[in-house]
Amino acid sequence: MSTKDKSKDESRRDFLKATAATGIAASSPMFFVKDAYAGSHNMPFRNNPGSAKSVKFGFNVPQSGAYADEGADELRAYKLAVKHLNGEGDGGMMNTMKPMSLKGNGILGKKVEYVTGDTQTKSDAARASAKRMIEKDGVLMITGGSSSGVAVAVQGLCQEMGVIFMAGLTHSNDTTGKDKRRYGFRHFFNAYMSGRALGPVLKKEMGTDRKAYHLTADYTWGWTQEESIKNTTEELGWQTTAAVKTPVGAGDFSQYITPILNSGADVLILNHYGKDMINSLTQAVQFGLRDKQVNGKQFEIVVPLFSRLMAQGAGDNIKGILGTTNWNWSLKDKGSQAFVKSFGAEYGFPPSQAAHTCYVQALLYANACEQAGTFYPPQVIKALEGFNFDGMGNGPTEYRAEDHQCFKDVLVVRGNQNPSSQFDLLEIVQEVPRSQVEYPASMFGGELGPYVV
Amino acid sequence: MDAILIQILNGLDKGGAYALIALGLTLTFGTLGVVNFAHGALFMLGAFCAVSVQQLLTLSKSVKDESITFFDAYKDQPYLEIWWGDTGTAIIDYAVPISILFAIPIMLLIGVAMERGLIKHFYKRSHAEQILVTFGFAIVVQEIIKAFYGANPIPTPAPDIVSGSAAIGAMLGLSESLVYPWWRLIYLLFAGVVIFAVFAFLKYTTFGMVVRAGMADRETVSLLGINVERRFTIVFGIATVVAGLAGVMYAPILPPDYHMGMDFLVLSFVVVVVGGMGSLGGAVAAGFLLGILQSFASMNEIKSIFPGIDQIIIYLVAVVILLVRPRGLMGREGVMED
């Protein structure tokens, strides 16, 4: 073959290669291509920081209402996260998180600032507060909340407005089930996981012949928790005597507790959280339920979703009571210890599970931006979807791409009978492995929705 | 049978609280003709008297908590315990009963100051204006409390000796499952004593006789040379004390927070409306009636027939009463009927 022919042939081959490569690239959806939006700062999106030197987060937490205790602790954790992101303090979990793209100089070189809002533990107030932060304060990301009703409402708003929502404490199956959204992410565990984790322990400690009476907070979280725990206990062979809905923030639960006394039930399951749980548990104990013998068995109370803050509010009433929790400050892994040390040094007491999940969420969002190299939400979402990480307190964890639910180990805990300190209120009964609480993404239905809104 | 007995007891217990709160409200309306939307805030202030006394008694020294090794943690040790040991602990344990002694003068002072400083300027104004100004006042009080004490409920327990429950069934030879918390029984008894004292004061003292005469015909009593207004100021003070005491005693049942007054305000107005505006007997009767109805409506047997009835029963009764008998169960003819 002549030199001329050879060069013509190479040229044709190069042309065919180039055409094929262009065709493949053009036929691939943009979001499957890594770095498709790299350098996409020019893509229009809401509250694009552009060339500004800082970015703003919106911390939307309950500062009043039934979950105000959790809200206060969430805010403390967020402030600590902002400090660490900006390279101040000891860095906390930024020293233990793997993989880690953050450099301690803000996010993509921009300093992190924040504004706060009060959800009042009410969906409408939470939406109004989030909307204000998005429209007036120009926040790039909304995070927080200690109620699933609030989380679902704010998540929907964030999807409409194209702003990422990193949920705080929300335990309803619906948050990453039927109400899941592309722009919403949950690190916290859910009611189904609580049921799966609690089941074997309940069987071991209380047997298979029990009659359960549920008192349930009358909103999305209460309903799904009741359903999940009922399914678990009925699988064990327990009967459900009654499942009674109670209004959120009822205060005095006495009229709901008195019917339990003669119901024949020997277990009370309190699907309450925060202030409601403190009140209902305290009143149940005042009515002598824990001293009762029914059907020849000791009457027991179970609180499927526990927290140290609630344990603090309920005082001695919590001792010996079983429940589950997302995280506890007494965990010995490096991530937990780094966070507890950092939080304790800042505030003088250990963080709650609400504080932990919020701190982690803030870091995960920041890390995703850094990893994606942009604040453009579809690209940040892509970085979070399927993200596997460790060193954040619950062992190896995955943000499942299909429903934006984190999967990790769950703790079964008991109110500590002999606390060694004022904070040592929960004793870890079992660290339930992630494999025991996993479920198919399609189980709770829902659609994530589009990346670009 | 046990189930019915315990619901009746629960109804009486709830009714006692409703009656006590509504009593002061209707007393204010009956004497001064003022619709006081700040009454709930006065109830809340009473509860915070208990909180304040508890905080005063538990003023503490910060001591390093040696059991925490991750960071420097401190725990509080009350001075009373440091100084007097078990006696100090016992005094702290009785914070709520002790706070009653403080609440009476404090609430009386607040009541008189409120009447002289604010309410008296609105005697001749419309009910709508009275509602607006007292509601505004309630919000201000609420926010002040929030600023000082925070938004979270503050546990204010009853003394240890009455923190458990009484085995009423065993005492009366009935089922052993019939038990009721001691503090709620004490609250019911306390409500009864206060209600009786207010009635006795109005019925058997000269002061009370003048007040009752003033409630019936203010103008004629004034023409007789009696300073009705001064007496009415004292009545407002008494109404404030009653609301405050209701709050103090309620603190162990429901940990006080700045918003608790608003939660009770609507309820107490419904009680007053059902009982009859300005009728003391009506308020008490309606309080107990609504308490018992609410308790029975929460029974599973009733809810299986009428789902959700427990949450609307009180308002349903109010609607029916307003339609059938606008003046309320024991209201005076002509009052709130036009």
# chains A, B, ... in the order shown; residues from 1 in each chain; ligands from 1
call {"tool": "closest_atom_pairs", "arguments": {"of": "chain B", "to": "chain A", "cutoff": "9 Å", "atoms": "only C-alpha atoms", "output": "JSON lines"}}
result
{"residue": "B:Asp2", "atom": "CA", "partner": "A:Asn262", "partner_atom": "CA", "distance": 7.3}
{"residue": "B:Ala3", "atom": "CA", "partner": "A:Asn262", "partner_atom": "CA", "distance": 6.2}
{"residue": "B:Ile6", "atom": "CA", "partner": "A:Thr258", "partner_atom": "CA", "distance": 6.7}
{"residue": "B:Gln7", "atom": "CA", "partner": "A:Thr258", "partner_atom": "CA", "distance": 6.8}
{"residue": "B:Asn10", "atom": "CA", "partner": "A:Gln255", "partner_atom": "CA", "distance": 6.6}
{"residue": "B:Gly11", "atom": "CA", "partner": "A:Gln255", "partner_atom": "CA", "distance": 8.0}
{"residue": "B:Lys14", "atom": "CA", "partner": "A:Ser254", "partner_atom": "CA", "distance": 8.8}
{"residue": "B:Asp65", "atom": "CA", "partner": "A:Ser421", "partner_atom": "CA", "distance": 7.5}
{"residue": "B:Glu66", "atom": "CA", "partner": "A:Ser421", "partner_atom": "CA", "distance": 8.6}
{"residue": "B:Ser67", "atom": "CA", "partner": "A:Ser421", "partner_atom": "CA", "distance": 5.9}
{"residue": "B:Ile68", "atom": "CA", "partner": "A:Ser421", "partner_atom": "CA", "distance": 7.2}
{"residue": "B:Phe70", "atom": "CA", "partner": "A:Lys341", "partner_atom": "CA", "distance": 5.4}
{"residue": "B:Phe71", "atom": "CA", "partner": "A:Ala345", "partner_atom": "CA", "distance": 5.5}
{"residue": "B:Asp72", "atom": "CA", "partner": "A:Gly348", "partner_atom": "CA", "distance": 6.4}
{"residue": "B:Ala73", "atom": "CA", "partner": "A:Gly348", "partner_atom": "CA", "distance": 5.2}
{"residue": "B:Tyr74", "atom": "CA", "partner": "A:Gly348", "partner_atom": "CA", "distance": 7.2}
{"residue": "B:Lys75", "atom": "CA", "partner": "A:Gln422", "partner_atom": "CA", "distance": 7.5}
{"residue": "B:Gly150", "atom": "CA", "partner": "A:Ser64", "partner_atom": "CA", "distance": 8.7}
{"residue": "B:Ala151", "atom": "CA", "partner": "A:Ser64", "partner_atom": "CA", "distance": 5.4}
{"residue": "B:Asn152", "atom": "CA", "partner": "A:Ala68", "partner_atom": "CA", "distance": 5.9}
{"residue": "B:Pro153", "atom": "CA", "partner": "A:Lys275", "partner_atom": "CA", "distance": 7.7}
{"residue": "B:Ile154", "atom": "CA", "partner": "A:Gly313", "partner_atom": "CA", "distance": 8.4}
{"residue": "B:Pro155", "atom": "CA", "partner": "A:Gly313", "partner_atom": "CA", "distance": 7.0}
{"residue": "B:Ser163", "atom": "CA", "partner": "A:Gln286", "partner_atom": "CA", "distance": 6.6}
{"residue": "B:Gly164", "atom": "CA", "partner": "A:Gln286", "partner_atom": "CA", "distance": 5.3}
{"residue": "B:Ser165", "atom": "CA", "partner": "A:Phe287", "partner_atom": "CA", "distance": 5.8}
{"residue": "B:Ala166", "atom": "CA", "partner": "A:Gly288", "partner_atom": "CA", "distance": 8.6}
{"residue": "B:Ser177", "atom": "CA", "partner": "A:Leu261", "partner_atom": "CA", "distance": 6.4}
{"residue": "B:Leu178", "atom": "CA", "partner": "A:Leu261", "partner_atom": "CA", "distance": 7.6}
{"residue": "B:Val179", "atom": "CA", "partner": "A:Phe287", "partner_atom": "CA", "distance": 6.7}
{"residue": "B:Tyr180", "atom": "CA", "partner": "A:Phe287", "partner_atom": "CA", "distance": 5.7}
{"residue": "B:Pro181", "atom": "CA", "partner": "A:Phe287", "partner_atom": "CA", "distance": 5.4}
{"residue": "B:Trp182", "atom": "CA", "partner": "A:Gln286", "partner_atom": "CA", "distance": 8.3}
{"residue": "B:Trp183", "atom": "CA", "partner": "A:Gln286", "partner_atom": "CA", "distance": 8.9}
{"residue": "B:Ile253", "atom": "CA", "partner": "A:Asp252", "partner_atom": "CA", "distance": 7.4}
{"residue": "B:Leu254", "atom": "CA", "partner": "A:Gly251", "partner_atom": "CA", "distance": 6.3}
{"residue": "B:Pro255", "atom": "CA", "partner": "A:Asn279", "partner_atom": "CA", "distance": 8.0}
{"residue": "B:His259", "atom": "CA", "partner": "A:Gly65", "partner_atom": "CA", "distance": 8.5}
{"residue": "B:Met260", "atom": "CA", "partner": "A:Gly251", "partner_atom": "CA", "distance": 9.0}
{"residue": "B:Gln294", "atom": "CA", "partner": "A:Gln255", "partner_atom": "CA", "distance": 7.8}
{"residue": "B:Ser295", "atom": "CA", "partner": "A:Gln255", "partner_atom": "CA", "distance": 5.3}
{"residue": "B:Phe296", "atom": "CA", "partner": "A:Gln255", "partner_atom": "CA", "distance": 8.0}
{"residue": "B:Ala297", "atom": "CA", "partner": "A:Gln255", "partner_atom": "CA", "distance": 8.8}
{"residue": "B:Ser298", "atom": "CA", "partner": "A:Gln255", "partner_atom": "CA", "distance": 6.0}
{"residue": "B:Met299", "atom": "CA", "partner": "A:Pro259", "partner_atom": "CA", "distance": 6.2}
{"residue": "B:Asn300", "atom": "CA", "partner": "A:Pro259", "partner_atom": "CA", "distance": 7.4}
{"residue": "B:Gly308", "atom": "CA", "partner": "A:Lys245", "partner_atom": "CA", "distance": 8.6}
{"residue": "B:Gln311", "atom": "CA", "partner": "A:Pro247", "partner_atom": "CA", "distance": 7.8}
call {"tool": "residues_around", "arguments": {"residues": "Ser228 of chain A", "least_positions_apart": "4", "cutoff": "9 Å", "atoms": "only C-alpha atoms", "output": "MDAnalysis selection string"}}
result
chainID A and resid 173 191:196 223:224 232:233
call {"tool": "write_last_selection", "arguments": {"atoms": "N, CA and C atoms", "output": "PDB file, in the first residue's frame"}}
result
ATOM      1  N   ASN A 173     -41.779   5.607  57.159  1.00  0.00           N
ATOM      2  CA  ASN A 173     -41.416   4.873  55.937  1.00  0.00           C
ATOM      3  C   ASN A 173     -41.721   5.707  54.693  1.00  0.00           C
ATOM      4  N   ALA A 191     -39.111   3.425  60.275  1.00  0.00           N
ATOM      5  CA  ALA A 191     -39.944   2.594  61.153  1.00  0.00           C
ATOM      6  C   ALA A 191     -39.828   1.114  60.808  1.00  0.00           C
ATOM      7  N   TYR A 192     -39.729   0.814  59.519  1.00  0.00           N
ATOM      8  CA  TYR A 192     -39.598  -0.586  59.107  1.00  0.00           C
ATOM      9  C   TYR A 192     -38.327  -1.184  59.721  1.00  0.00           C
ATOM     10  N   MET A 193     -37.237  -0.413  59.634  1.00  0.00           N
ATOM     11  CA  MET A 193     -35.958  -0.888  60.177  1.00  0.00           C
ATOM     12  C   MET A 193     -36.061  -1.089  61.692  1.00  0.00           C
ATOM     13  N   SER A 194     -36.788  -0.188  62.372  1.00  0.00           N
ATOM     14  CA  SER A 194     -36.973  -0.333  63.825  1.00  0.00           C
ATOM     15  C   SER A 194     -37.654  -1.658  64.126  1.00  0.00           C
ATOM     16  N   GLY A 195     -38.705  -1.967  63.346  1.00  0.00           N
ATOM     17  CA  GLY A 195     -39.451  -3.200  63.555  1.00  0.00           C
ATOM     18  C   GLY A 195     -38.569  -4.421  63.339  1.00  0.00           C
ATOM     19  N   ARG A 196     -37.813  -4.412  62.246  1.00  0.00           N
ATOM     20  CA  ARG A 196     -36.961  -5.564  61.937  1.00  0.00           C
ATOM     21  C   ARG A 196     -35.891  -5.750  63.010  1.00  0.00           C
ATOM     22  N   TRP A 223     -48.372   6.490  61.943  1.00  0.00           N
ATOM     23  CA  TRP A 223     -49.076   5.436  61.195  1.00  0.00           C
ATOM     24  C   TRP A 223     -48.097   4.384  60.690  1.00  0.00           C
ATOM     25  N   THR A 224     -46.997   4.831  60.088  1.00  0.00           N
ATOM     26  CA  THR A 224     -46.080   3.840  59.502  1.00  0.00           C
ATOM     27  C   THR A 224     -45.349   3.069  60.592  1.00  0.00           C
ATOM     28  N   THR A 232     -44.303  -6.718  62.643  1.00  0.00           N
ATOM     29  CA  THR A 232     -43.234  -7.476  63.295  1.00  0.00           C
ATOM     30  C   THR A 232     -43.780  -8.309  64.454  1.00  0.00           C
ATOM     31  N   THR A 233     -44.565  -7.678  65.343  1.00  0.00           N
ATOM     32  CA  THR A 233     -45.023  -8.416  66.537  1.00  0.00           C
ATOM     33  C   THR A 233     -46.029  -9.505  66.158  1.00  0.00           C
TER      34      THR A 233
END
call {"tool": "residues_around", "arguments": {"residues": "Val163 of chain A", "least_positions_apart": "3", "cutoff": "8 Å", "atoms": "only C-alpha atoms", "output": "JSON, numbers by chain"}}
result
{"A": [46, 134, 140, 141, 142, 158, 159, 183, 377]}
call {"tool": "closest_atom_pairs", "arguments": {"of": "segment 181-212 of chain A", "to": "segment 408-412 of chain A", "cutoff": "10 Å", "atoms": "only C-alpha atoms", "output": "Markdown table"}}
result
| residue | atom | partner | partner_atom | distance |
| --- | --- | --- | --- | --- |
| A:His187 | CA | A:Lys408 | CA | 9.1 |
| A:Phe188 | CA | A:Lys408 | CA | 9.4 |
| A:Phe189 | CA | A:Val410 | CA | 7.6 |
| A:Asn190 | CA | A:Val410 | CA | 9.8 |
| A:Met193 | CA | A:Val410 | CA | 7.5 |
| A:Ser194 | CA | A:Val410 | CA | 7.6 |
| A:Arg196 | CA | A:Val410 | CA | 9.6 |
| A:Ala197 | CA | A:Val412 | CA | 6.7 |
| A:Leu198 | CA | A:Val412 | CA | 6.4 |
| A:Gly199 | CA | A:Val412 | CA | 9.9 |
| A:Val201 | CA | A:Val412 | CA | 8.0 |
call {"tool": "residues_around", "arguments": {"residues": "segment 277-288 of chain B", "least_positions_apart": "3", "cutoff": "8 Å", "atoms": "only C-alpha atoms", "output": "PDB file with N, CA and C atoms, in the first residue's frame"}}
result
ATOM      1  N   GLY B  11     -62.865  11.527  83.913  1.00  0.00           N
ATOM      2  CA  GLY B  11     -63.689  12.668  83.500  1.00  0.00           C
ATOM      3  C   GLY B  11     -63.760  13.720  84.592  1.00  0.00           C
ATOM      4  N   LEU B  12     -63.925  13.249  85.831  1.00  0.00           N
ATOM      5  CA  LEU B  12     -63.988  14.186  86.965  1.00  0.00           C
ATOM      6  C   LEU B  12     -62.652  14.910  87.120  1.00  0.00           C
ATOM      7  N   LYS B  14     -60.348  15.462  84.762  1.00  0.00           N
ATOM      8  CA  LYS B  14     -60.211  16.444  83.678  1.00  0.00           C
ATOM      9  C   LYS B  14     -61.155  17.617  83.921  1.00  0.00           C
ATOM     10  N   GLY B  15     -62.392  17.271  84.315  1.00  0.00           N
ATOM     11  CA  GLY B  15     -63.416  18.295  84.558  1.00  0.00           C
ATOM     12  C   GLY B  15     -62.992  19.260  85.646  1.00  0.00           C
ATOM     13  N   GLY B  16     -62.315  18.741  86.667  1.00  0.00           N
ATOM     14  CA  GLY B  16     -61.835  19.590  87.758  1.00  0.00           C
ATOM     15  C   GLY B  16     -60.911  20.669  87.221  1.00  0.00           C
ATOM     16  N   ALA B  17     -60.024  20.250  86.322  1.00  0.00           N
ATOM     17  CA  ALA B  17     -59.080  21.218  85.737  1.00  0.00           C
ATOM     18  C   ALA B  17     -59.844  22.221  84.865  1.00  0.00           C
ATOM     19  N   TYR B  18     -60.756  21.732  84.032  1.00  0.00           N
ATOM     20  CA  TYR B  18     -61.517  22.635  83.148  1.00  0.00           C
ATOM     21  C   TYR B  18     -62.334  23.627  83.981  1.00  0.00           C
ATOM     22  N   ALA B  19     -62.976  23.104  85.028  1.00  0.00           N
ATOM     23  CA  ALA B  19     -63.850  23.954  85.851  1.00  0.00           C
ATOM     24  C   ALA B  19     -63.036  25.038  86.546  1.00  0.00           C
ATOM     25  N   LEU B  20     -61.876  24.652  87.043  1.00  0.00           N
ATOM     26  CA  LEU B  20     -61.033  25.594  87.781  1.00  0.00           C
ATOM     27  C   LEU B  20     -60.560  26.732  86.861  1.00  0.00           C
ATOM     28  N   ALA B  22     -62.018  27.632  83.986  1.00  0.00           N
ATOM     29  CA  ALA B  22     -63.166  28.394  83.487  1.00  0.00           C
ATOM     30  C   ALA B  22     -63.793  29.271  84.559  1.00  0.00           C
ATOM     31  N   LEU B  23     -63.623  28.867  85.813  1.00  0.00           N
ATOM     32  CA  LEU B  23     -64.233  29.620  86.915  1.00  0.00           C
ATOM     33  C   LEU B  23     -63.746  31.067  86.935  1.00  0.00           C
ATOM     34  N   THR B  26     -65.079  33.079  83.863  1.00  0.00           N
ATOM     35  CA  THR B  26     -66.485  33.492  83.923  1.00  0.00           C
ATOM     36  C   THR B  26     -66.706  34.522  85.042  1.00  0.00           C
ATOM     37  N   LEU B  27     -65.883  34.445  86.077  1.00  0.00           N
ATOM     38  CA  LEU B  27     -65.954  35.421  87.173  1.00  0.00           C
ATOM     39  C   LEU B  27     -65.613  36.819  86.629  1.00  0.00           C
ATOM     40  N   THR B  28     -64.594  36.884  85.797  1.00  0.00           N
ATOM     41  CA  THR B  28     -64.182  38.154  85.187  1.00  0.00           C
ATOM     42  C   THR B  28     -65.278  38.692  84.281  1.00  0.00           C
ATOM     43  N   PHE B  29     -65.868  37.799  83.506  1.00  0.00           N
ATOM     44  CA  PHE B  29     -66.916  38.259  82.599  1.00  0.00           C
ATOM     45  C   PHE B  29     -68.154  38.689  83.387  1.00  0.00           C
ATOM     46  N   GLY B  30     -68.509  37.905  84.412  1.00  0.00           N
ATOM     47  CA  GLY B  30     -69.709  38.192  85.193  1.00  0.00           C
ATOM     48  C   GLY B  30     -69.615  39.496  85.954  1.00  0.00           C
ATOM     49  N   THR B  31     -68.447  39.813  86.483  1.00  0.00           N
ATOM     50  CA  THR B  31     -68.312  41.028  87.293  1.00  0.00           C
ATOM     51  C   THR B  31     -67.946  42.236  86.434  1.00  0.00           C
ATOM     52  N   ILE B 195     -63.033  25.676  94.297  1.00  0.00           N
ATOM     53  CA  ILE B 195     -64.366  26.048  93.775  1.00  0.00           C
ATOM     54  C   ILE B 195     -65.306  26.343  94.953  1.00  0.00           C
ATOM     55  N   VAL B 271     -65.917  25.831  77.686  1.00  0.00           N
ATOM     56  CA  VAL B 271     -66.567  25.480  78.958  1.00  0.00           C
ATOM     57  C   VAL B 271     -67.466  26.629  79.415  1.00  0.00           C
ATOM     58  N   VAL B 272     -66.960  27.857  79.335  1.00  0.00           N
ATOM     59  CA  VAL B 272     -67.736  29.015  79.787  1.00  0.00           C
ATOM     60  C   VAL B 272     -68.974  29.207  78.905  1.00  0.00           C
ATOM     61  N   VAL B 273     -68.798  29.043  77.616  1.00  0.00           N
ATOM     62  CA  VAL B 273     -69.926  29.227  76.696  1.00  0.00           C
ATOM     63  C   VAL B 273     -70.991  28.158  76.942  1.00  0.00           C
ATOM     64  N   VAL B 274     -70.544  26.920  77.130  1.00  0.00           N
ATOM     65  CA  VAL B 274     -71.504  25.838  77.377  1.00  0.00           C
ATOM     66  C   VAL B 274     -72.206  26.061  78.726  1.00  0.00           C
ATOM     67  N   GLY B 291     -65.567  17.268  80.758  1.00  0.00           N
ATOM     68  CA  GLY B 291     -64.487  16.356  81.127  1.00  0.00           C
ATOM     69  C   GLY B 291     -64.947  14.910  81.026  1.00  0.00           C
ATOM     70  N   ILE B 292     -66.122  14.638  81.571  1.00  0.00           N
ATOM     71  CA  ILE B 292     -66.640  13.257  81.557  1.00  0.00           C
ATOM     72  C   ILE B 292     -66.964  12.831  80.120  1.00  0.00           C
ATOM     73  N   ARG B 327     -77.689  31.014  75.452  1.00  0.00           N
ATOM     74  CA  ARG B 327     -77.189  31.600  76.709  1.00  0.00           C
ATOM     75  C   ARG B 327     -76.397  30.583  77.541  1.00  0.00           C
ATOM     76  N   GLY B 328     -76.331  29.323  77.074  1.00  0.00           N
ATOM     77  CA  GLY B 328     -75.599  28.292  77.804  1.00  0.00           C
ATOM     78  C   GLY B 328     -76.481  27.583  78.807  1.00  0.00           C
ATOM     79  N   LEU B 329     -75.935  26.527  79.425  1.00  0.00           N
ATOM     80  CA  LEU B 329     -76.742  25.683  80.310  1.00  0.00           C
ATOM     81  C   LEU B 329     -77.364  26.470  81.461  1.00  0.00           C
ATOM     82  N   MET B 330     -76.566  27.318  82.108  1.00  0.00           N
ATOM     83  CA  MET B 330     -77.076  28.042  83.282  1.00  0.00           C
ATOM     84  C   MET B 330     -76.874  29.548  83.132  1.00  0.00           C
ATOM     85  N   GLY B 331     -76.809  30.005  81.888  1.00  0.00           N
ATOM     86  CA  GLY B 331     -76.571  31.429  81.650  1.00  0.00           C
ATOM     87  C   GLY B 331     -77.804  32.270  81.949  1.00  0.00           C
ATOM     88  N   ARG B 332     -77.532  33.561  82.248  1.00  0.00           N
ATOM     89  CA  ARG B 332     -78.653  34.468  82.518  1.00  0.00           C
ATOM     90  C   ARG B 332     -79.372  34.811  81.231  1.00  0.00           C
ATOM     91  N   VAL B 335     -78.098  37.270  78.170  1.00  0.00           N
ATOM     92  CA  VAL B 335     -76.649  37.353  78.002  1.00  0.00           C
ATOM     93  C   VAL B 335     -76.221  36.495  76.818  1.00  0.00           C
ATOM     94  N   MET B 336     -75.562  37.119  75.852  1.00  0.00           N
ATOM     95  CA  MET B 336     -75.048  36.456  74.649  1.00  0.00           C
ATOM     96  C   MET B 336     -76.160  35.809  73.815  1.00  0.00           C
TER      97      MET B 336
END
call {"tool": "atom_distance", "arguments": {"atom1": "atom CA of Gly208 of chain B", "atom2": "atom CA of Val34 of chain B"}}
result
18.8 Å
call {"tool": "residues_around", "arguments": {"residues": "segment 98-107 of chain A", "least_positions_apart": "6", "cutoff": "12 Å", "atoms": "only C-alpha atoms", "output": "VMD selection string"}}
result
chain A and resid 49 52 to 57 81 to 92 113 140 334 to 335 362 to 375 383 387 to 393 395 to 398
call {"tool": "write_last_selection", "arguments": {"atoms": "C-alpha atoms", "output": "short mmCIF file (atom, residue, chain, number, x, y, z; two decimals), in the first residue's frame"}}
result
data_model
loop_
_atom_site.label_atom_id
_atom_site.label_comp_id
_atom_site.auth_asym_id
_atom_site.auth_seq_id
_atom_site.Cartn_x
_atom_site.Cartn_y
_atom_site.Cartn_z
CA PRO A 49 -23.63 31.21 44.18
CA ALA A 52 -19.77 34.79 45.44
CA LYS A 53 -17.26 33.99 48.16
CA SER A 54 -19.76 32.14 50.31
CA VAL A 55 -22.68 29.74 50.11
CA LYS A 56 -25.62 29.63 52.46
CA PHE A 57 -27.34 26.63 54.10
CA ALA A 81 -20.67 21.20 61.02
CA VAL A 82 -20.35 24.70 59.54
CA LYS A 83 -17.32 25.34 61.75
CA HIS A 84 -15.67 22.13 60.63
CA LEU A 85 -16.48 22.74 56.96
CA ASN A 86 -14.84 26.15 57.19
CA GLY A 87 -11.71 24.65 58.73
CA GLU A 88 -12.36 25.80 62.29
CA GLY A 89 -12.32 23.60 65.41
CA ASP A 90 -10.93 20.08 65.52
CA GLY A 91 -12.65 18.91 62.33
CA GLY A 92 -14.83 16.26 64.04
CA GLU A 113 -22.78 30.46 56.06
CA LEU A 140 -28.46 26.45 48.39
CA LYS A 334 -13.62 6.39 65.61
CA GLY A 335 -16.23 8.50 63.83
CA ALA A 362 -24.51 18.61 56.34
CA LEU A 363 -21.12 16.98 55.76
CA LEU A 364 -22.49 14.55 53.18
CA TYR A 365 -24.06 17.35 51.15
CA ALA A 366 -20.88 19.42 51.27
CA ASN A 367 -18.78 16.42 50.31
CA ALA A 368 -21.07 15.65 47.38
CA CYS A 369 -20.67 19.21 46.02
CA GLU A 370 -16.92 18.98 46.38
CA GLN A 371 -16.91 15.57 44.73
CA ALA A 372 -19.13 16.75 41.87
CA GLY A 373 -17.07 19.91 41.47
CA THR A 374 -20.23 21.97 41.22
CA PHE A 375 -23.26 23.16 43.19
CA ALA A 383 -22.87 12.27 43.59
CA PHE A 387 -22.58 6.91 47.62
CA ASN A 388 -20.82 4.43 49.93
CA PHE A 389 -19.08 5.87 52.95
CA ASP A 390 -17.70 4.96 56.36
CA GLY A 391 -16.36 6.63 59.46
CA MET A 392 -19.62 8.47 60.27
CA GLY A 393 -20.72 6.40 63.24
CA GLY A 395 -20.30 1.42 60.05
CA PRO A 396 -20.23 1.11 56.25
CA THR A 397 -23.23 3.01 54.93
CA GLU A 398 -24.85 3.38 51.53
#
call {"tool": "decode", "arguments": {"residues": "segment 229-248 of chain B", "atoms": "C-alpha atoms", "output": "short mmCIF file (atom, residue, chain, number, x, y, z; two decimals), in the first residue's frame"}}
result
data_model
loop_
_atom_site.label_atom_id
_atom_site.label_comp_id
_atom_site.auth_asym_id
_atom_site.auth_seq_id
_atom_site.Cartn_x
_atom_site.Cartn_y
_atom_site.Cartn_z
CA GLU B 229 -65.12 49.19 90.94
CA ARG B 230 -62.66 48.65 93.80
CA ARG B 231 -64.37 45.41 94.68
CA PHE B 232 -64.31 44.34 91.07
CA THR B 233 -60.56 44.97 90.96
CA ILE B 234 -60.19 42.57 93.86
CA VAL B 235 -62.45 40.07 92.10
CA PHE B 236 -60.18 40.25 89.05
CA GLY B 237 -57.26 39.57 91.37
CA ILE B 238 -59.08 36.57 92.82
CA ALA B 239 -59.84 35.25 89.32
CA THR B 240 -56.14 35.58 88.52
CA VAL B 241 -55.17 33.70 91.68
CA VAL B 242 -57.61 30.90 90.83
CA ALA B 243 -56.12 30.61 87.31
CA GLY B 244 -52.62 30.69 88.75
CA LEU B 245 -53.33 27.99 91.33
CA ALA B 246 -54.86 25.83 88.61
CA GLY B 247 -51.57 26.25 86.72
CA VAL B 248 -49.31 25.53 89.71
#
